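Undergrad: The structure that follows is given in the form of structure tokens.
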There are 2 protein chains.
Amino acid sequence: MARTVAERSDVLPLLAEVFREHGYEGASLSLISKATGLGKGSLYHFFPGGKEEMAVAVLAEIDGWFEANVFRPLRETNDPRAAVATMFATTAEYFRSGRRVCLVGALSLSDARDRFAGRLRDYFARWVEALTAALARAGHGPEAAGAIAEEAVGGIQGAVVLARALDRPDVFERILTGLRARCLGTA
Amino acid sequence: MARTVAERSDVLPLLAEVFREHGYEGASLSLISKATGLGKGSLYHFFPGGKEEMAVAVLAEIDGWFEANVFRPLRETNDPRAAVATMFATTAEYFRSGRRVCLVGALSLSDARDRFAGRLRDYFARWVEALTAALARAGHGPEAAGAIAEEAVGGIQGAVVLARALDRPDVFERILTGLRARCLGTA
DNA sequence: TATCATTCGTACTGATCGGTACAGAAAGGC
DNA sequence: GCCTTTCTGTACCGATCAGTACGAATGATA
């Protein structure tokens with residue numbers, strides 16, 4: 001049979017898009033097969049655990065991407081204010097101004113939440129922690145930094161929901177602008 | 001056969017809970033049947049259009065509840081600051097501090113969004129408009145009122161996502177407290 | 001060219017999906 | 001007392017679900 005992909009990791013972005021668009025339950029194997037161009041044989045070869053293993057792999061890749069591009073910069077930068085600003089720009093681009101759903105957030109609202117509870121909690125907890133640390137280093141008081149970080153991380157998720165429901169990416173941009181100002185405001 | 005319910009509206013809250021917990025795709029007729037105690041015969045008697053009609057009816061009821069308990073008070077009150085404060089208290093109770101999912105928001109993130117796009121957009125648009133009007137009457141400038149309203153409505157949705165992912169209702173409460181302060185702050 | 005593990009398509013399983021058909025029981029009018 | 005309308009359970013439909021089995025094609029090695 002014809003070879004289509006060399007690496008399991010090659011299909012993860014395609015897989016992620018299917019889960020984002022259809023959710024965990026809605027992402028049927030036939031949809032996944034169509035989106036990846038892989039038959040069931042290949043799919044179960046790469047992911048013996050089936051759909052659940054596919055979702056875990058996708059979540060791990062997303063987690064790794066945010067760790068490298070968002071969380072770590074927030075923790076390790078020498079210029080926390082610039083790092084916070086970069087975080088908003090990076091996430092706005094990643095979520096395509098609300099046109100792209102946050103898979104972690106969407107799973108948190110679905111009945112698949114319990115299945116992946118630990119990973120979902122971990123993702124958001126590390127995001128809030130990293131942002132809290134950056135805000136504290138930027139001059140916010142310890143308790144205010146945590147509260148603002150929660151408001152910002154939650155606010156980004158809410159911006160995705162609202163922009164998608166209203167079908168208005170400009171609403172996403174405006175909310176993020178407000179959140180950024182709140183993070184960088186009184187230091 | 002034994003009669004179980006008298007009115008179609010009696011099953012709407014049960015139906016809503018099934019959709020909230022399992023999403024549109026995940027709410028199978030067998031789950032719905034179990035949750036409502038109604039067989040398929042009764043279900044299709046009340047909702048000839050099947051699942052889609054059930055979801056539409058549930059959305060209409062939710063919309064009606066928010067219109068009566070949240071949107072209209074914001075529009076018609078003589079004390080806009082008190083009305084805004086009441087909105088936060090009412091929604092916190094309705095969403096049970098993030099333990100209960102917002103069905104409208106969850107559907108907006110799912111692949112059922114297109115099916116109900118108009119209703120989802122309408123719900124959030126009216127919420128933002130009503131809150132904008134109240135904030136303007138409370139003394140905010142016209143452009144600031146709109147921006148804060150979007151941030152607040154989105155923020156509530158994000159608070160549900162975050163509190164549910166972290167399994168921490170206190171995060172929901174803290175975020176709402178911050179949003180309320182932002183709405184009532186500099187008037 | 002022969003070998004061999006890896007990769008892949010297809011056919012299949014049993015279960016469940018949303019929806020339909022229909023017979024029969026309860027309720028209400030008379 | 002019927003008799004009509006309103007409700008309700010159950011059996012069934014074709015389609016699709018996640019997952020398994022397995023043979024065939026492939027690419028690397030030799």
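Residue numbering restarts at 1 in every chain; chains get A, B, ... in the order shown in the structure tokens, and ligands count up from 1 in that same order.
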Find the residues near DT16 in chain C: any atom within 12 Å, counting only C-alpha atoms (C1' of nucleotides), skip ones fewer than 2 places away on the same chain, and give them as a compact mmCIF listing (two decimals) with all heavy atoms, in the first residue's frame.
TA:
# COMPACT_ATOMS: atom_id res chain seq x y z
N SER B 28 -27.72 11.79 23.43
CA SER B 28 -28.42 10.80 22.62
C SER B 28 -29.86 10.67 23.08
O SER B 28 -30.21 11.03 24.21
CB SER B 28 -27.72 9.45 22.71
OG SER B 28 -27.89 8.91 24.00
N LEU B 29 -30.69 10.16 22.19
CA LEU B 29 -32.10 10.01 22.55
C LEU B 29 -32.28 9.07 23.72
O LEU B 29 -33.22 9.21 24.50
CB LEU B 29 -32.89 9.51 21.34
CG LEU B 29 -33.17 10.59 20.29
CD1 LEU B 29 -34.09 10.08 19.23
CD2 LEU B 29 -33.74 11.82 20.95
N SER B 30 -31.41 8.09 23.86
CA SER B 30 -31.55 7.18 24.99
C SER B 30 -31.22 7.91 26.29
O SER B 30 -31.88 7.70 27.30
CB SER B 30 -30.64 5.96 24.79
OG SER B 30 -29.29 6.31 24.92
N LEU B 31 -30.21 8.78 26.27
CA LEU B 31 -29.92 9.59 27.46
C LEU B 31 -31.08 10.50 27.78
O LEU B 31 -31.50 10.64 28.92
CB LEU B 31 -28.66 10.43 27.21
CG LEU B 31 -27.30 9.81 27.53
CD1 LEU B 31 -26.18 10.73 27.09
CD2 LEU B 31 -27.20 9.49 29.00
P DG C 14 -21.03 -10.43 15.84
OP1 DG C 14 -20.88 -11.77 16.42
OP2 DG C 14 -21.95 -10.17 14.71
O5' DG C 14 -21.41 -9.41 17.02
C5' DG C 14 -20.46 -9.12 18.03
C4' DG C 14 -20.77 -7.77 18.65
O4' DG C 14 -20.54 -6.72 17.67
C3' DG C 14 -22.24 -7.60 19.12
O3' DG C 14 -22.19 -6.96 20.39
C2' DG C 14 -22.85 -6.71 18.03
C1' DG C 14 -21.65 -5.85 17.65
N9 DG C 14 -21.73 -5.25 16.32
C8 DG C 14 -22.21 -5.80 15.17
N7 DG C 14 -22.12 -5.01 14.13
C5 DG C 14 -21.54 -3.86 14.64
C6 DG C 14 -21.20 -2.64 13.99
O6 DG C 14 -21.34 -2.33 12.82
N1 DG C 14 -20.64 -1.73 14.89
C2 DG C 14 -20.43 -1.97 16.23
N2 DG C 14 -19.88 -0.97 16.92
N3 DG C 14 -20.74 -3.09 16.83
C4 DG C 14 -21.30 -3.99 15.98
P DG C 18 -28.95 10.11 19.05
OP1 DG C 18 -28.49 11.41 19.56
OP2 DG C 18 -29.75 9.21 19.91
O5' DG C 18 -29.78 10.34 17.71
C5' DG C 18 -29.15 10.99 16.62
C4' DG C 18 -30.09 10.97 15.42
O4' DG C 18 -30.35 9.59 15.06
C3' DG C 18 -31.46 11.59 15.70
O3' DG C 18 -31.89 12.28 14.52
C2' DG C 18 -32.34 10.39 16.00
C1' DG C 18 -31.73 9.31 15.11
N9 DG C 18 -31.88 7.97 15.66
C8 DG C 18 -31.63 7.57 16.95
N7 DG C 18 -31.87 6.30 17.16
C5 DG C 18 -32.30 5.84 15.93
C6 DG C 18 -32.70 4.52 15.55
O6 DG C 18 -32.77 3.50 16.22
N1 DG C 18 -33.08 4.49 14.20
C2 DG C 18 -33.05 5.57 13.34
N2 DG C 18 -33.44 5.34 12.09
N3 DG C 18 -32.67 6.78 13.70
C4 DG C 18 -32.31 6.85 15.00
P DA D 15 -29.00 3.10 4.28
OP1 DA D 15 -29.04 3.98 3.10
OP2 DA D 15 -28.46 1.72 4.17
O5' DA D 15 -28.23 3.86 5.44
C5' DA D 15 -28.79 5.06 5.97
C4' DA D 15 -27.92 5.57 7.11
O4' DA D 15 -28.14 4.76 8.28
C3' DA D 15 -26.42 5.53 6.82
O3' DA D 15 -25.86 6.80 7.11
C2' DA D 15 -25.89 4.42 7.74
C1' DA D 15 -26.91 4.43 8.88
N9 DA D 15 -27.08 3.12 9.53
C8 DA D 15 -27.36 1.93 8.91
N7 DA D 15 -27.45 0.93 9.75
C5 DA D 15 -27.23 1.49 11.00
C6 DA D 15 -27.19 0.95 12.29
N6 DA D 15 -27.40 -0.35 12.55
N1 DA D 15 -26.93 1.79 13.32
C2 DA D 15 -26.72 3.09 13.05
N3 DA D 15 -26.73 3.71 11.88
C4 DA D 15 -26.99 2.85 10.88
P DT D 16 -24.34 7.13 6.74
OP1 DT D 16 -24.28 8.56 6.37
OP2 DT D 16 -23.83 6.07 5.84
O5' DT D 16 -23.60 6.96 8.14
C5' DT D 16 -24.10 7.63 9.29
C4' DT D 16 -23.48 7.04 10.54
O4' DT D 16 -23.99 5.71 10.74
C3' DT D 16 -21.95 6.89 10.46
O3' DT D 16 -21.38 7.78 11.40
C2' DT D 16 -21.70 5.42 10.81
C1' DT D 16 -23.00 5.01 11.46
N1 DT D 16 -23.31 3.56 11.37
C2 DT D 16 -23.40 2.83 12.54
O2 DT D 16 -23.24 3.31 13.65
N3 DT D 16 -23.69 1.49 12.36
C4 DT D 16 -23.89 0.84 11.15
O4 DT D 16 -24.14 -0.36 11.11
C5 DT D 16 -23.78 1.66 9.97
C7 DT D 16 -23.98 1.06 8.61
C6 DT D 16 -23.50 2.97 10.14
P DC D 17 -19.80 7.94 11.57
OP1 DC D 17 -19.53 9.38 11.71
OP2 DC D 17 -19.14 7.15 10.50
O5' DC D 17 -19.51 7.23 12.96
C5' DC D 17 -20.26 7.63 14.10
C4' DC D 17 -20.10 6.61 15.20
O4' DC D 17 -20.87 5.43 14.89
C3' DC D 17 -18.68 6.08 15.37
O3' DC D 17 -17.96 6.95 16.22
C2' DC D 17 -18.90 4.73 16.03
C1' DC D 17 -20.27 4.29 15.49
N1 DC D 17 -20.23 3.22 14.46
C2 DC D 17 -20.27 1.88 14.85
O2 DC D 17 -20.30 1.62 16.06
N3 DC D 17 -20.26 0.91 13.90
C4 DC D 17 -20.22 1.25 12.61
N4 DC D 17 -20.23 0.27 11.71
C5 DC D 17 -20.17 2.61 12.20
C6 DC D 17 -20.17 3.56 13.14
P DA D 18 -16.36 7.02 16.14
OP1 DA D 18 -15.96 8.28 16.79
OP2 DA D 18 -15.98 6.75 14.74
O5' DA D 18 -15.87 5.80 17.04
C5' DA D 18 -16.36 5.67 18.35
C4' DA D 18 -15.89 4.36 18.94
O4' DA D 18 -16.46 3.26 18.19
C3' DA D 18 -14.37 4.16 18.90
O3' DA D 18 -13.97 3.48 20.07
C2' DA D 18 -14.18 3.31 17.65
C1' DA D 18 -15.44 2.47 17.63
N9 DA D 18 -15.89 2.11 16.27
C8 DA D 18 -16.03 2.95 15.21
N7 DA D 18 -16.44 2.36 14.11
C5 DA D 18 -16.59 1.04 14.48
C6 DA D 18 -17.00 -0.10 13.77
N6 DA D 18 -17.35 -0.08 12.49
N1 DA D 18 -17.03 -1.27 14.44
C2 DA D 18 -16.67 -1.29 15.74
N3 DA D 18 -16.27 -0.27 16.51
C4 DA D 18 -16.25 0.87 15.81
Undergrad: Per residue of chain B within 6 Å of chain A, what are the shortest atom pair and its distance in Å to one decimal, counting only C-alpha atoms, with rows by chain and residue number, as a tab-separated table?
TA:
residue	atom	partner	partner_atom	distance
B:Glu21	CA	A:Asp111	CA	5.9
B:His22	CA	A:Asp111	CA	5.0
B:Ser108	CA	A:Ala165	CA	5.2
B:Asp111	CA	A:His22	CA	5.0
B:Leu120	CA	A:Ala165	CA	5.8
B:Arg121	CA	A:Leu166	CA	4.7
B:Glu151	CA	A:Ile175	CA	5.5
B:Gly154	CA	A:Gly158	CA	4.3
B:Gly155	CA	A:Gly155	CA	4.7
B:Gln157	CA	A:Gly158	CA	4.8
B:Gly158	CA	A:Gly158	CA	3.6
B:Ala159	CA	A:Gly154	CA	5.3
B:Leu162	CA	A:Gly154	CA	5.6
B:Ala165	CA	A:Arg121	CA	5.1
B:Leu166	CA	A:Arg121	CA	4.7
B:Ile175	CA	A:Glu151	CA	5.5
Undergrad: Can you write out the residues you just picked, keeping all heavy atoms, as a CSV table (one decimal), in the first residue's frame?
TA:
chain,number,residue,atom,x,y,z
B,21,GLU,N,-24.8,18.8,30.0
B,21,GLU,CA,-23.8,17.8,30.5
B,21,GLU,C,-23.2,17.1,29.3
B,21,GLU,O,-22.1,16.6,29.5
B,21,GLU,CB,-24.5,16.9,31.4
B,21,GLU,CG,-24.8,17.5,32.8
B,21,GLU,CD,-25.7,16.5,33.7
B,21,GLU,OE1,-25.8,15.3,33.3
B,21,GLU,OE2,-26.2,17.0,34.7
B,22,HIS,N,-23.9,16.9,28.2
B,22,HIS,CA,-23.4,16.0,27.2
B,22,HIS,C,-23.2,16.7,25.8
B,22,HIS,O,-22.7,16.1,24.9
B,22,HIS,CB,-24.3,14.8,27.0
B,22,HIS,CG,-24.5,14.0,28.3
B,22,HIS,ND1,-23.5,13.1,28.7
B,22,HIS,CD2,-25.4,14.0,29.2
B,22,HIS,CE1,-23.9,12.5,29.8
B,22,HIS,NE2,-25.1,13.1,30.2
B,108,SER,N,-21.6,27.3,21.3
B,108,SER,CA,-20.9,28.2,20.4
B,108,SER,C,-19.5,27.7,20.1
B,108,SER,O,-18.9,27.9,19.0
B,108,SER,CB,-20.7,29.6,21.1
B,108,SER,OG,-21.9,30.2,21.4
B,111,ASP,N,-19.4,22.0,17.3
B,111,ASP,CA,-19.7,22.0,15.8
B,111,ASP,C,-21.2,22.2,15.6
B,111,ASP,O,-21.7,22.2,14.4
B,111,ASP,CB,-19.2,20.7,15.2
B,111,ASP,CG,-20.0,19.5,15.7
B,111,ASP,OD1,-20.5,19.6,16.8
B,111,ASP,OD2,-20.0,18.5,15.0
B,120,LEU,N,-27.6,31.8,19.0
B,120,LEU,CA,-26.5,32.0,19.8
B,120,LEU,C,-26.0,33.5,19.7
B,120,LEU,O,-25.7,34.2,20.8
B,120,LEU,CB,-25.3,31.1,19.4
B,120,LEU,CG,-25.6,29.6,19.4
B,120,LEU,CD1,-24.4,28.8,19.0
B,120,LEU,CD2,-26.2,29.1,20.7
B,121,ARG,N,-25.9,34.0,18.5
B,121,ARG,CA,-25.5,35.4,18.3
B,121,ARG,C,-26.5,36.3,19.0
B,121,ARG,O,-26.1,37.3,19.7
B,121,ARG,CB,-25.5,35.7,16.8
B,121,ARG,CG,-25.1,37.1,16.5
B,121,ARG,CD,-24.7,37.3,15.0
B,121,ARG,NE,-25.6,36.6,14.2
B,121,ARG,CZ,-25.3,35.8,13.2
B,121,ARG,NH1,-24.1,35.4,13.1
B,121,ARG,NH2,-26.2,35.2,12.5
B,151,GLU,N,-16.2,42.9,27.6
B,151,GLU,CA,-15.2,42.2,28.5
B,151,GLU,C,-15.9,41.5,29.6
B,151,GLU,O,-15.5,40.4,30.0
B,151,GLU,CB,-14.2,43.3,29.1
B,151,GLU,CG,-12.9,42.8,29.5
B,151,GLU,CD,-11.9,43.9,29.8
B,151,GLU,OE1,-11.9,44.9,29.1
B,151,GLU,OE2,-11.3,43.8,30.9
B,154,GLY,N,-17.9,38.4,28.1
B,154,GLY,CA,-16.9,37.4,27.7
B,154,GLY,C,-16.2,36.8,29.0
B,154,GLY,O,-16.0,35.6,29.1
B,155,GLY,N,-15.9,37.7,29.9
B,155,GLY,CA,-15.3,37.3,31.1
B,155,GLY,C,-16.1,36.3,31.9
B,155,GLY,O,-15.5,35.3,32.5
B,157,GLN,N,-18.1,34.1,30.6
B,157,GLN,CA,-18.0,32.8,29.9
B,157,GLN,C,-16.7,32.2,30.2
B,157,GLN,O,-16.5,31.0,30.4
B,157,GLN,CB,-18.2,33.1,28.4
B,157,GLN,CG,-19.6,33.5,28.0
B,157,GLN,CD,-20.6,32.5,28.3
B,157,GLN,OE1,-20.4,31.3,27.9
B,157,GLN,NE2,-21.7,32.9,29.0
B,158,GLY,N,-15.6,33.0,30.1
B,158,GLY,CA,-14.3,32.5,30.4
B,158,GLY,C,-14.2,32.0,31.8
B,158,GLY,O,-13.5,31.0,32.1
B,159,ALA,N,-14.8,32.6,32.8
B,159,ALA,CA,-14.8,32.2,34.2
B,159,ALA,C,-15.4,30.8,34.3
B,159,ALA,O,-14.9,30.0,35.1
B,159,ALA,CB,-15.5,33.2,35.0
B,162,LEU,N,-12.7,28.4,32.9
B,162,LEU,CA,-11.6,28.2,33.7
B,162,LEU,C,-11.9,27.5,35.0
B,162,LEU,O,-11.2,26.6,35.5
B,162,LEU,CB,-11.0,29.6,34.0
B,162,LEU,CG,-9.6,29.7,34.6
B,162,LEU,CD1,-8.6,29.0,33.7
B,162,LEU,CD2,-9.1,31.1,34.8
B,165,ALA,N,-12.4,23.9,34.3
B,165,ALA,CA,-11.1,23.1,34.0
B,165,ALA,C,-10.3,23.0,35.3
B,165,ALA,O,-9.7,21.9,35.5
B,165,ALA,CB,-10.3,23.9,33.0
B,166,LEU,N,-10.3,24.0,36.1
B,166,LEU,CA,-9.4,23.9,37.3
B,166,LEU,C,-10.2,23.2,38.4
B,166,LEU,O,-9.6,22.9,39.4
B,166,LEU,CB,-9.0,25.3,37.8
B,166,LEU,CG,-8.1,26.1,36.8
B,166,LEU,CD1,-7.9,27.5,37.3
B,166,LEU,CD2,-6.8,25.4,36.7
B,175,ILE,N,-13.1,36.0,39.8
B,175,ILE,CA,-13.1,36.7,38.5
B,175,ILE,C,-14.3,37.6,38.4
B,175,ILE,O,-14.3,38.7,38.0
B,175,ILE,CB,-13.1,35.6,37.3
B,175,ILE,CG1,-11.7,34.9,37.3
B,175,ILE,CG2,-13.4,36.3,36.0
B,175,ILE,CD1,-11.6,33.9,36.2
Undergrad: Can you pull out every residue within 12 Å of range 3-12 of chain C, counting only C-alpha atoms (C1' of nucleotides), but drop anything in the same chain fewer than 4 positions away, and send it as a PyMOL selection string?
TA: (chain A and resi 1-8+33+37-46) or (chain D and resi 19-30)
Undergrad: Any chance you could export the current selection's N, CA, C and O atoms (P, O5', C5', C4', C3', O3' and C1' of nucleotides) as a compact mmCIF listing (two decimals), in the first residue's frame?
TA:
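Result file out-v4.txt:
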# COMPACT_ATOMS: atom_id res chain seq x y z
N MET A 1 0.83 -1.21 0.00
CA MET A 1 0.00 0.00 0.00
C MET A 1 0.87 1.26 0.00
O MET A 1 1.99 1.25 0.46
N ALA A 2 0.28 2.34 -0.49
CA ALA A 2 1.06 3.57 -0.63
C ALA A 2 1.34 4.19 0.74
O ALA A 2 0.46 4.26 1.59
N ARG A 3 2.56 4.64 0.89
CA ARG A 3 2.91 5.35 2.12
C ARG A 3 2.41 6.79 2.03
O ARG A 3 2.58 7.44 1.00
N THR A 4 1.87 7.30 3.09
CA THR A 4 1.40 8.69 3.03
C THR A 4 2.16 9.58 4.01
O THR A 4 2.53 10.69 3.68
N VAL A 5 2.40 9.11 5.23
CA VAL A 5 3.16 9.91 6.18
C VAL A 5 4.26 9.05 6.76
O VAL A 5 4.16 7.84 6.80
N ALA A 6 5.31 9.74 7.21
CA ALA A 6 6.43 9.02 7.78
C ALA A 6 6.34 8.95 9.30
O ALA A 6 6.65 7.95 9.91
N GLU A 7 5.84 10.03 9.89
CA GLU A 7 5.89 10.13 11.33
C GLU A 7 4.49 10.29 11.91
O GLU A 7 3.64 10.92 11.31
N ARG A 8 4.34 9.73 13.07
CA ARG A 8 3.09 9.90 13.80
C ARG A 8 2.83 11.37 14.09
O ARG A 8 1.69 11.83 14.04
N SER A 33 -10.27 9.92 9.55
CA SER A 33 -9.65 9.23 8.43
C SER A 33 -9.61 10.13 7.20
O SER A 33 -8.59 10.22 6.52
N GLY A 37 -6.21 11.50 5.78
CA GLY A 37 -5.87 10.69 4.63
C GLY A 37 -5.39 9.30 5.01
O GLY A 37 -4.89 8.56 4.16
N LEU A 38 -5.57 8.96 6.28
CA LEU A 38 -5.12 7.65 6.76
C LEU A 38 -6.30 6.72 6.97
O LEU A 38 -7.32 7.14 7.51
N GLY A 39 -6.15 5.49 6.59
CA GLY A 39 -7.19 4.50 6.85
C GLY A 39 -7.17 4.07 8.29
O GLY A 39 -6.29 4.45 9.06
N LYS A 40 -8.18 3.26 8.64
CA LYS A 40 -8.23 2.83 10.03
C LYS A 40 -7.00 2.02 10.41
O LYS A 40 -6.52 2.10 11.54
N GLY A 41 -6.51 1.24 9.47
CA GLY A 41 -5.33 0.43 9.75
C GLY A 41 -4.18 1.29 10.23
O GLY A 41 -3.56 1.01 11.27
N SER A 42 -3.91 2.38 9.50
CA SER A 42 -2.80 3.26 9.88
C SER A 42 -3.09 3.96 11.19
O SER A 42 -2.21 4.08 12.05
N LEU A 43 -4.34 4.43 11.32
CA LEU A 43 -4.69 5.16 12.53
C LEU A 43 -4.45 4.29 13.77
O LEU A 43 -3.84 4.75 14.75
N TYR A 44 -4.92 3.04 13.70
CA TYR A 44 -4.76 2.19 14.87
C TYR A 44 -3.33 1.67 15.00
O TYR A 44 -2.94 1.18 16.06
N HIS A 45 -2.58 1.77 13.90
CA HIS A 45 -1.16 1.45 14.01
C HIS A 45 -0.44 2.53 14.82
O HIS A 45 0.33 2.23 15.73
N PHE A 46 -0.73 3.81 14.50
CA PHE A 46 -0.07 4.91 15.21
C PHE A 46 -0.64 5.11 16.60
O PHE A 46 0.07 5.50 17.52
P DG D 19 -12.39 3.20 20.33
O5' DG D 19 -12.20 1.74 19.72
C5' DG D 19 -12.98 0.68 20.25
C4' DG D 19 -12.82 -0.55 19.37
C3' DG D 19 -11.36 -0.96 19.09
O3' DG D 19 -11.14 -2.26 19.65
C1' DG D 19 -12.71 -1.12 17.15
P DT D 20 -9.72 -2.99 19.50
O5' DT D 20 -10.04 -4.07 18.36
C5' DT D 20 -11.15 -4.94 18.53
C4' DT D 20 -11.14 -5.99 17.44
C3' DT D 20 -9.77 -6.66 17.21
O3' DT D 20 -9.97 -8.06 17.13
C1' DT D 20 -10.61 -5.77 15.17
P DA D 21 -8.66 -9.02 17.01
O5' DA D 21 -8.74 -9.45 15.50
C5' DA D 21 -10.00 -9.48 14.85
C4' DA D 21 -9.83 -10.03 13.44
C3' DA D 21 -8.50 -10.75 13.20
O3' DA D 21 -8.74 -11.85 12.33
C1' DA D 21 -8.66 -8.87 11.76
P DC D 22 -7.56 -12.93 12.09
O5' DC D 22 -7.05 -12.53 10.64
C5' DC D 22 -8.01 -12.17 9.65
C4' DC D 22 -7.32 -11.56 8.45
C3' DC D 22 -5.88 -12.03 8.23
O3' DC D 22 -5.69 -12.30 6.86
C1' DC D 22 -5.96 -9.71 8.17
P DG D 23 -4.67 -13.43 6.38
O5' DG D 23 -4.66 -13.21 4.81
C5' DG D 23 -5.83 -12.67 4.15
C4' DG D 23 -5.43 -11.51 3.26
C3' DG D 23 -4.14 -11.75 2.45
O3' DG D 23 -4.30 -11.19 1.15
C1' DG D 23 -3.90 -9.81 3.73
P DA D 24 -3.30 -11.58 -0.02
O5' DA D 24 -2.89 -10.17 -0.61
C5' DA D 24 -3.87 -9.16 -0.76
C4' DA D 24 -3.18 -7.80 -0.79
C3' DA D 24 -1.88 -7.79 -1.61
O3' DA D 24 -1.80 -6.57 -2.31
C1' DA D 24 -1.44 -7.04 0.56
P DA D 25 -0.99 -6.50 -3.67
O5' DA D 25 -0.14 -5.15 -3.50
C5' DA D 25 -0.82 -3.97 -3.12
C4' DA D 25 0.12 -3.10 -2.32
C3' DA D 25 1.47 -2.85 -2.99
O3' DA D 25 1.68 -1.45 -3.07
C1' DA D 25 1.76 -3.51 -0.73
P DT D 26 2.87 -0.88 -3.96
O5' DT D 26 3.94 -0.43 -2.89
C5' DT D 26 3.53 0.40 -1.80
C4' DT D 26 4.59 0.38 -0.73
C3' DT D 26 6.00 0.64 -1.24
O3' DT D 26 6.35 1.97 -0.89
C1' DT D 26 5.91 -1.03 0.48
P DG D 27 7.59 2.73 -1.53
O5' DG D 27 8.72 2.50 -0.43
C5' DG D 27 8.37 2.68 0.93
C4' DG D 27 9.56 2.39 1.82
C3' DG D 27 10.93 2.75 1.23
O3' DG D 27 11.73 3.24 2.29
C1' DG D 27 10.81 0.39 1.62
P DA D 28 13.23 3.75 2.07
O5' DA D 28 14.05 2.65 2.88
C5' DA D 28 13.73 2.41 4.23
C4' DA D 28 14.45 1.19 4.75
C3' DA D 28 15.96 1.18 4.46
O3' DA D 28 16.64 0.78 5.64
C1' DA D 28 14.97 -0.81 3.64
P DT D 29 18.24 0.93 5.75
O5' DT D 29 18.70 -0.58 5.59
C5' DT D 29 18.11 -1.59 6.43
C4' DT D 29 18.48 -2.97 5.92
C3' DT D 29 19.95 -3.12 5.51
O3' DT D 29 20.54 -4.14 6.31
C1' DT D 29 18.50 -4.09 3.90
P DA D 30 22.10 -4.33 6.22
O5' DA D 30 22.19 -5.57 5.23
C5' DA D 30 21.40 -6.73 5.47
C4' DA D 30 21.37 -7.59 4.23
C3' DA D 30 22.76 -7.89 3.62
O3' DA D 30 22.90 -9.28 3.48
C1' DA D 30 21.26 -7.22 1.95
Undergrad: Quick one: distance from C1' of DT8 in chain D to CA of Leu59 in chain B in Å, one decimal?
TA: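 C1' of DT8 in chain D sits 25.7 Å away from CA of Leu59 in chain B.
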Undergrad: Could you name the residues that touch Val70 in chain B at 12 Å or less, counting only C-alpha atoms (C1' of nucleotides), but leaving out those on the same chain fewer than 6 positions away, as number ranges by chain?
TA: B: 62-64, 76-77, 83-92, 94, 123-124, 126-131, 134, 153
Undergrad: So that I can check the secondary structure, give me every residue of range 26-149 of chain B assigned alpha helix (DSSP H) by backbone DSSP, as a ChimeraX atom specification.
TA: /B:26,29-36,40-46,51-66,72-76,80-94,103-109,117-137,142-149
Undergrad: C1' of DT20 in chain C to CA of Leu14 in chain B: how many Å, to one decimal?
TA: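 Distance reported for this atom pair: 24.4 Å.
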